[in-house]
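These notes concern the structure reproduced below.
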Amino acid sequence: MQIEIDGYNIHYNIKGDGKKSVIILQGWGTKSEIYEVVVNALCDRYRVISLDLPGFGSSTEPREAWGVDDYKNFVVKFAKALDTDSAVLIGHSFGGRIIIKLAAEKNPALNIEKIVLIDSAGIVNPKSFKTKLKIARYKVLKKLAGLKIANFFFGQAIEEWKKRQGSDDYRNASPIMKQCLVKAVNENLKGLLPEIDRETLLIWGDKDTATPLSDGKAMEKLIPGAGLAVIPGTGHFSFLENPELFKKIINAFL
């Protein structure tokens, strides 16, 4: 299905006809279809809404670089466009950032019933000395790569070097989405976590290297009344890697 919001064509799906709604907010660079496991676990008793956020899947990308606040405001508009004033919010990775922003507001524009954060992003950990050294080296090389004489003699090598820089998400993103990603990953939401006053379930893979389990444990401590469920042997897509255990955990919570 498609809906137009602020001039953006947004791809979405609704499954189930329960009286209460669930909105699933995706991880960075994913398509809504990969969350079928989550949808099918809940659609027998909920109206489950999944969507491609602007710049993801089949939806139009932002006309300018969006930060997490822009995505938060968009989600509110999207929910209202579907006559949804109240919902359980489920967020994976980047989707968790959006939910943290929404839930930390004093008077949220969307009534949040419960929250499920799956391998959520949002905490920016202090950089190690090794990481700082790597960043400093990258900045020096980037400056050298911008010199005309360097491009004249080593143009092809420089282009190949540029292609290898950054995470897979960054390398695979369009120019606008690269800017959106940089805005998102550099914003530390740790200070907002104590402001969340909704019942919250954290689901984490103990082998997650993108958002490590230590982030989940920190969120459990900082979000009042939050509970953490760990799925052993799984990584950043814990819900896909062990769908049966995931279903049992989320159904017990909801």
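Chain lettering (A, B, ...) mirrors the order of the structure tokens, residue numbering begins at 1 for each chain separately, and ligand numbering begins at 1 in order of display.
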
Closest pair table for range 54-101 of chain A residues within 8 Å of range 5-25 of chain A, only C-alpha atoms, as JSON lines:
```
{"residue": "A:Pro54", "atom": "CA", "partner": "A:Ile10", "partner_atom": "CA", "distance": 6.9}
{"residue": "A:Gly57", "atom": "CA", "partner": "A:His11", "partner_atom": "CA", "distance": 7.9}
{"residue": "A:Ser58", "atom": "CA", "partner": "A:His11", "partner_atom": "CA", "distance": 5.9}
{"residue": "A:Ser59", "atom": "CA", "partner": "A:Ile10", "partner_atom": "CA", "distance": 4.6}
{"residue": "A:Thr60", "atom": "CA", "partner": "A:Asn9", "partner_atom": "CA", "distance": 5.5}
{"residue": "A:Glu61", "atom": "CA", "partner": "A:Tyr8", "partner_atom": "CA", "distance": 7.7}
{"residue": "A:Pro62", "atom": "CA", "partner": "A:Tyr8", "partner_atom": "CA", "distance": 7.9}
{"residue": "A:Lys77", "atom": "CA", "partner": "A:Ile5", "partner_atom": "CA", "distance": 7.5}
{"residue": "A:Phe78", "atom": "CA", "partner": "A:Ile5", "partner_atom": "CA", "distance": 7.1}
{"residue": "A:Ala81", "atom": "CA", "partner": "A:Ile5", "partner_atom": "CA", "distance": 8.0}
{"residue": "A:Thr84", "atom": "CA", "partner": "A:Ser21", "partner_atom": "CA", "distance": 7.4}
{"residue": "A:Ser86", "atom": "CA", "partner": "A:Ser21", "partner_atom": "CA", "distance": 7.0}
{"residue": "A:Ala87", "atom": "CA", "partner": "A:Ser21", "partner_atom": "CA", "distance": 4.8}
{"residue": "A:Val88", "atom": "CA", "partner": "A:Val22", "partner_atom": "CA", "distance": 4.6}
{"residue": "A:Leu89", "atom": "CA", "partner": "A:Ile23", "partner_atom": "CA", "distance": 5.2}
{"residue": "A:Ile90", "atom": "CA", "partner": "A:Ile24", "partner_atom": "CA", "distance": 4.8}
{"residue": "A:Gly91", "atom": "CA", "partner": "A:Leu25", "partner_atom": "CA", "distance": 4.7}
{"residue": "A:His92", "atom": "CA", "partner": "A:Leu25", "partner_atom": "CA", "distance": 6.5}
{"residue": "A:Phe94", "atom": "CA", "partner": "A:Leu25", "partner_atom": "CA", "distance": 7.9}
{"residue": "A:Gly95", "atom": "CA", "partner": "A:Leu25", "partner_atom": "CA", "distance": 4.5}
{"residue": "A:Gly96", "atom": "CA", "partner": "A:Leu25", "partner_atom": "CA", "distance": 7.4}
{"residue": "A:Ile98", "atom": "CA", "partner": "A:Leu25", "partner_atom": "CA", "distance": 8.0}
```

*asked:* What's around Asp119 in chain A at 12 Å? Count only C-alpha atoms, leave out sequence neighbours fewer than 6 positions away in its own chain, and write the answer as a PyMOL selection string.
replied: chain A and resi 26-28+90-97+201-217+219+228-231+234-240

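In terms of minimum interatomic distance to Ile196 in chain A, A:Pro108 ranks closest within A:Gly233, A:Gly55, A:Pro108, A:Pro175, counting only C-alpha atoms.
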
*Residues flagged alpha helix (DSSP H) by DSSP in range 16-117 of chain A, as number ranges by chain*: A: 36-42, 68-81, 94-103

Same residues, N, CA and C atoms, saved as a PDB file, in the first residue's frame:
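New file result.pdb:
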```
ATOM      1  N   GLU A  36       8.429  -9.488   8.837  1.00  0.00           N
ATOM      2  CA  GLU A  36       7.275 -10.389   8.779  1.00  0.00           C
ATOM      3  C   GLU A  36       7.207 -11.283  10.013  1.00  0.00           C
ATOM      4  N   VAL A  37       8.364 -11.665  10.539  1.00  0.00           N
ATOM      5  CA  VAL A  37       8.389 -12.487  11.756  1.00  0.00           C
ATOM      6  C   VAL A  37       7.672 -11.773  12.892  1.00  0.00           C
ATOM      7  N   VAL A  38       7.946 -10.487  13.027  1.00  0.00           N
ATOM      8  CA  VAL A  38       7.313  -9.681  14.077  1.00  0.00           C
ATOM      9  C   VAL A  38       5.819  -9.515  13.791  1.00  0.00           C
ATOM     10  N   VAL A  39       5.508  -9.195  12.539  1.00  0.00           N
ATOM     11  CA  VAL A  39       4.102  -9.008  12.133  1.00  0.00           C
ATOM     12  C   VAL A  39       3.289 -10.257  12.424  1.00  0.00           C
ATOM     13  N   ASN A  40       3.788 -11.408  11.983  1.00  0.00           N
ATOM     14  CA  ASN A  40       3.029 -12.660  12.120  1.00  0.00           C
ATOM     15  C   ASN A  40       2.888 -13.124  13.562  1.00  0.00           C
ATOM     16  N   ALA A  41       3.790 -12.679  14.427  1.00  0.00           N
ATOM     17  CA  ALA A  41       3.705 -13.040  15.840  1.00  0.00           C
ATOM     18  C   ALA A  41       2.559 -12.319  16.548  1.00  0.00           C
ATOM     19  N   LEU A  42       2.112 -11.187  15.947  1.00  0.00           N
ATOM     20  CA  LEU A  42       1.157 -10.323  16.662  1.00  0.00           C
ATOM     21  C   LEU A  42      -0.162 -10.090  15.939  1.00  0.00           C
ATOM     22  N   VAL A  68      17.203  12.421  13.691  1.00  0.00           N
ATOM     23  CA  VAL A  68      16.242  11.535  14.352  1.00  0.00           C
ATOM     24  C   VAL A  68      14.955  12.283  14.690  1.00  0.00           C
ATOM     25  N   ASP A  69      15.062  13.564  15.041  1.00  0.00           N
ATOM     26  CA  ASP A  69      13.866  14.355  15.350  1.00  0.00           C
ATOM     27  C   ASP A  69      12.939  14.459  14.132  1.00  0.00           C
ATOM     28  N   ASP A  70      13.518  14.588  12.950  1.00  0.00           N
ATOM     29  CA  ASP A  70      12.708  14.669  11.734  1.00  0.00           C
ATOM     30  C   ASP A  70      11.957  13.359  11.503  1.00  0.00           C
ATOM     31  N   TYR A  71      12.629  12.247  11.735  1.00  0.00           N
ATOM     32  CA  TYR A  71      11.960  10.945  11.593  1.00  0.00           C
ATOM     33  C   TYR A  71      10.885  10.768  12.664  1.00  0.00           C
ATOM     34  N   LYS A  72      11.171  11.253  13.862  1.00  0.00           N
ATOM     35  CA  LYS A  72      10.181  11.188  14.944  1.00  0.00           C
ATOM     36  C   LYS A  72       8.912  11.944  14.556  1.00  0.00           C
ATOM     37  N   ASN A  73       9.074  13.151  14.050  1.00  0.00           N
ATOM     38  CA  ASN A  73       7.924  13.964  13.644  1.00  0.00           C
ATOM     39  C   ASN A  73       7.168  13.318  12.489  1.00  0.00           C
ATOM     40  N   PHE A  74       7.912  12.676  11.592  1.00  0.00           N
ATOM     41  CA  PHE A  74       7.268  11.990  10.470  1.00  0.00           C
ATOM     42  C   PHE A  74       6.396  10.834  10.969  1.00  0.00           C
ATOM     43  N   VAL A  75       6.900  10.054  11.920  1.00  0.00           N
ATOM     44  CA  VAL A  75       6.152   8.902  12.442  1.00  0.00           C
ATOM     45  C   VAL A  75       4.822   9.350  13.041  1.00  0.00           C
ATOM     46  N   VAL A  76       4.838  10.479  13.733  1.00  0.00           N
ATOM     47  CA  VAL A  76       3.586  11.016  14.304  1.00  0.00           C
ATOM     48  C   VAL A  76       2.594  11.346  13.187  1.00  0.00           C
ATOM     49  N   LYS A  77       3.076  11.998  12.128  1.00  0.00           N
ATOM     50  CA  LYS A  77       2.209  12.342  10.992  1.00  0.00           C
ATOM     51  C   LYS A  77       1.681  11.084  10.301  1.00  0.00           C
ATOM     52  N   PHE A  78       2.531  10.096  10.162  1.00  0.00           N
ATOM     53  CA  PHE A  78       2.137   8.833   9.531  1.00  0.00           C
ATOM     54  C   PHE A  78       1.040   8.150  10.349  1.00  0.00           C
ATOM     55  N   ALA A  79       1.229   8.081  11.663  1.00  0.00           N
ATOM     56  CA  ALA A  79       0.235   7.441  12.531  1.00  0.00           C
ATOM     57  C   ALA A  79      -1.111   8.152  12.443  1.00  0.00           C
ATOM     58  N   LYS A  80      -1.092   9.461  12.469  1.00  0.00           N
ATOM     59  CA  LYS A  80      -2.342  10.222  12.396  1.00  0.00           C
ATOM     60  C   LYS A  80      -3.012  10.043  11.035  1.00  0.00           C
ATOM     61  N   ALA A  81      -2.207   9.926   9.976  1.00  0.00           N
ATOM     62  CA  ALA A  81      -2.766   9.713   8.639  1.00  0.00           C
ATOM     63  C   ALA A  81      -3.508   8.384   8.551  1.00  0.00           C
ATOM     64  N   PHE A  94      17.883   1.354  14.351  1.00  0.00           N
ATOM     65  CA  PHE A  94      17.575   2.769  14.142  1.00  0.00           C
ATOM     66  C   PHE A  94      16.152   3.104  14.572  1.00  0.00           C
ATOM     67  N   GLY A  95      15.220   2.183  14.353  1.00  0.00           N
ATOM     68  CA  GLY A  95      13.838   2.404  14.783  1.00  0.00           C
ATOM     69  C   GLY A  95      13.743   2.649  16.274  1.00  0.00           C
ATOM     70  N   GLY A  96      14.648   2.024  17.038  1.00  0.00           N
ATOM     71  CA  GLY A  96      14.678   2.250  18.477  1.00  0.00           C
ATOM     72  C   GLY A  96      15.036   3.682  18.819  1.00  0.00           C
ATOM     73  N   ARG A  97      15.925   4.290  18.040  1.00  0.00           N
ATOM     74  CA  ARG A  97      16.272   5.704  18.257  1.00  0.00           C
ATOM     75  C   ARG A  97      15.028   6.578  18.189  1.00  0.00           C
ATOM     76  N   ILE A  98      14.206   6.335  17.171  1.00  0.00           N
ATOM     77  CA  ILE A  98      12.999   7.136  16.973  1.00  0.00           C
ATOM     78  C   ILE A  98      12.058   6.975  18.160  1.00  0.00           C
ATOM     79  N   ILE A  99      11.914   5.722  18.617  1.00  0.00           N
ATOM     80  CA  ILE A  99      11.009   5.462  19.741  1.00  0.00           C
ATOM     81  C   ILE A  99      11.517   6.134  21.017  1.00  0.00           C
ATOM     82  N   ILE A 100      12.808   6.084  21.255  1.00  0.00           N
ATOM     83  CA  ILE A 100      13.380   6.739  22.441  1.00  0.00           C
ATOM     84  C   ILE A 100      13.050   8.226  22.425  1.00  0.00           C
ATOM     85  N   LYS A 101      13.202   8.847  21.269  1.00  0.00           N
ATOM     86  CA  LYS A 101      12.870  10.278  21.137  1.00  0.00           C
ATOM     87  C   LYS A 101      11.391  10.530  21.428  1.00  0.00           C
ATOM     88  N   LEU A 102      10.529   9.693  20.865  1.00  0.00           N
ATOM     89  CA  LEU A 102       9.086   9.859  21.062  1.00  0.00           C
ATOM     90  C   LEU A 102       8.704   9.661  22.524  1.00  0.00           C
ATOM     91  N   ALA A 103       9.218   8.602  23.109  1.00  0.00           N
ATOM     92  CA  ALA A 103       8.797   8.218  24.460  1.00  0.00           C
ATOM     93  C   ALA A 103       9.341   9.133  25.539  1.00  0.00           C
TER      94      ALA A 103
END
```

*Secondary structure check, strand (DSSP E or B) residues of range 49-117 of chain A, as an MDAnalysis selection string*: chainID A and resid 49:51 86:92 111:117

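Shortest separation to Asn111 in chain A among A:Ile34, A:Ala184, A:Gly29, A:Arg198 occurs at residue A:Arg198, atoms counted being only C-alpha atoms.
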
*What is the CA of Cys43 in chain A to CA of Gln2 in chain A distance in Å?*
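Spanning CA of Cys43 in chain A to CA of Gln2 in chain A is a straight-line distance of 20.0 Å.
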